[in-house]
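Read through the structure below, which is laid out as structure tokens, and then see the notes.
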Amino acid sequence: MRAVTQVEEHHLEVVELAPPEPGPGELLVRVVACGICGSDLSSYKRGLFTGVPGHEVAGTVEAVGPGVEGWRPGDPVALTPSAGCGTCDQCRSGDYHRCIESLTGSGSVRPGGYAELLVAPAGRLWRLPPGLSPEVACLAEPLSVALHGIGRLGSVRDHDAIVLGLGSIGLLACAALRWCGARRVYGVDPVELRRDLARGLGAEAVFGRASDARAELDPVPLVLECSGRPEALQQAIDLAAPGGGVVLLGIAIAEVPVIPVFWITREITVAGSINSRLEEFETAIRLLETRPEIGSIVTRRVSLEEVPETFELLLQPEGVGKVVVDPRR
């Protein structure tokens with residue numbers, strides 16, 4: 001079978017691998033769609049692991065391993081988030097989404113979804129409801145990440161919110177905020193295409209820069225930082241209303257200058273957010289089922305052969321919307 005493997009930093013290759021076979025308790029899945037995640041790009045830039053990446057996976061069951069009941073070839077499925085190792089302190093406390101295996105990527109299915117076929121434990125696969133195609137269902141995993149971040153803010157109903165960074169997580173956060181009952185949702189991103197996509201998902205207004213949003217808007221109670229840019233942390237604080245909350249979904253790997261006095265005098269809560277939980281994945285499936293137009297954030301579908309050049313393109317500042325790998329091409 002064809003697959004894309006990471007050899008080292010900035011080096012992806014399209015290779016031929018032996019087709020995998022499902023073992024006890026496993027399913028063989030033919031991949032229909034696998035989203036390119038920001039974590040895949042981070043690994044690409046830094047060479048964090050080798051092998052076949054891809055965890056935003058949806059497809060159809062190709063074969064059923066020994067001991068698996070209730071599944072049959074042709075069933076449409078999506079890959080759920082990792083349930084953790086089950087033995088570390090975080091897993092034992094019920095916070096498996098913070099499991100170190102999940103955080104380092106070792107909790108991901110390997111080889112991953114940049115391939116024609118993959119094998120996964122049956123417990124990691126979610127049967128899709130009628131009418132939800134795998135082409136859209138591959139968004140369930142990143143949408144669940146956005147939902148988890150929104151949950152860190154508490155109730156968002158009837159509150160205004162602003163999203164900094166309208167990459168795939170930011171765009172999905174806009175849609176999820178509206179679905180969760182936010183009153184008005186605003187967005188900030190320098191890329192016009194992403195601003196247009198955010199409007200289509202219900203954003204009240206979008207801005208090219210955080211300074212533009214600050215000049216035109218009153219401070220809002222809910223701020224989601226999804227860009228991962230180091231300077232965006234203080235920008236997010238500046239946009240938050242007294243008593244408001246800021247959630248960090250973007251991952252900035254850098255020292256960040258901040259002005260703590262504003263956090264203190266306005267009693268702003270700043271929270272991190274990582275991964276998602278199975279109940280949030282289930283919510284994401286329901287949201288995609290009721291709002292399939294969320295699939296409009298996918299602006300490009302590429303073949304396995306196009307993946308290496310696409311990764312380089314995604315590192316450019318112009319950016320695109322969501323890119324999905326379709327191994328059938």
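Chain lettering (A, B, ...) mirrors the order of the structure tokens, residue numbering begins at 1 for each chain separately, and ligand numbering begins at 1 in order of display.
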
With DSSP run on the backbone, what are the strand (DSSP E) residues within region 127-194 of chain A? I'd like them as a ChimeraX atom specification.
/A:127,161-164,185-188

Please save C-alpha atoms of the selected residues as a PDB file, in the first residue's frame.
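Done, and the output landed in again38.pdb:
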ATOM      1  CA  ARG A 127     -19.325   4.195  14.064  1.00  0.00           C
ATOM      2  CA  ALA A 161     -16.358  35.547  22.494  1.00  0.00           C
ATOM      3  CA  ILE A 162     -13.370  36.242  20.296  1.00  0.00           C
ATOM      4  CA  VAL A 163     -11.071  33.722  18.602  1.00  0.00           C
ATOM      5  CA  LEU A 164      -7.473  34.680  17.826  1.00  0.00           C
ATOM      6  CA  VAL A 185     -18.433  35.480  18.008  1.00  0.00           C
ATOM      7  CA  TYR A 186     -15.561  37.511  16.596  1.00  0.00           C
ATOM      8  CA  GLY A 187     -12.393  36.348  14.866  1.00  0.00           C
ATOM      9  CA  VAL A 188      -8.875  37.621  14.204  1.00  0.00           C
TER      10      VAL A 188
END

Surrounding residues of Arg2 (chain A) excluding itself and chain neighbours under 3 positions, 8 Å, only C-alpha atoms, as a PyMOL selection string:
chain A and resi 14-17+115-116+304

Serialized selection, N, CA and C atoms, as a short mmCIF file (atom, residue, chain, number, x, y, z; two decimals), in the first residue's frame:
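Result saved to part.cif:
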data_model
loop_
_atom_site.label_atom_id
_atom_site.label_comp_id
_atom_site.auth_asym_id
_atom_site.auth_seq_id
_atom_site.Cartn_x
_atom_site.Cartn_y
_atom_site.Cartn_z
N VAL A 14 6.93 9.44 0.12
CA VAL A 14 5.85 8.53 -0.25
C VAL A 14 6.48 7.17 -0.50
N VAL A 15 6.00 6.15 0.21
CA VAL A 15 6.64 4.83 0.16
C VAL A 15 5.58 3.76 -0.07
N GLU A 16 6.05 2.57 -0.40
CA GLU A 16 5.21 1.38 -0.48
C GLU A 16 5.47 0.53 0.76
N LEU A 17 4.40 0.21 1.49
CA LEU A 17 4.50 -0.63 2.68
C LEU A 17 3.62 -1.86 2.51
N ALA A 115 -2.05 7.09 4.84
CA ALA A 115 -1.83 5.79 4.21
C ALA A 115 -3.17 5.29 3.67
N GLU A 116 -3.10 4.32 2.78
CA GLU A 116 -4.34 3.76 2.25
C GLU A 116 -5.09 2.94 3.30
N LEU A 304 -1.79 11.34 -1.55
CA LEU A 304 -0.60 11.01 -0.77
C LEU A 304 0.65 11.57 -1.43
#

Contact check, region 117-182 of chain A to region 307-322 of chain A, at most 10 Å, counting only C-alpha atoms, closest pairs as CSV:
residue,atom,partner,partner_atom,distance
A:Leu139,CA,A:Lys322,CA,9.3
A:Leu166,CA,A:Gly321,CA,8.6
A:Gly167,CA,A:Gly321,CA,6.6
A:Ser168,CA,A:Lys322,CA,5.6
A:Ile169,CA,A:Lys322,CA,9.3
A:Leu171,CA,A:Gly321,CA,8.8

For Ile253 (chain A), find every residue with an atom within 12 Å (counting only C-alpha atoms), except residues of its own chain fewer than 4 positions away, and show them as a PyMOL selection string.
chain A and resi 42+46+227-231

As a PyMOL selection string, please: all residues of region 52-262 of chain A that backbone DSSP puts in helix (DSSP H, G or I).
chain A and resi 89-92+96-98+100-104+122-124+134-137+140-151+168-179+192-200+210-216+232-239+260-262

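You can rank A:Glu204, A:Glu8, A:Asp189, A:Asp212 by their closest distance to Ala175 (chain A) using only C-alpha atoms, and at the top of that list sits A:Glu204.
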
Which neighbours of Glu216 (chain A) fall inside 12 Å, counting only C-alpha atoms, when residues of the same chain fewer than 3 positions from it are skipped, and could you give them as a PyMOL selection string?
chain A and resi 186+205-207+209-213+219-220+239

Atomic distance CA of Cys174 (chain A) - CA of Pro257 (chain A), expressed in Å with one decimal:
27.2 Å
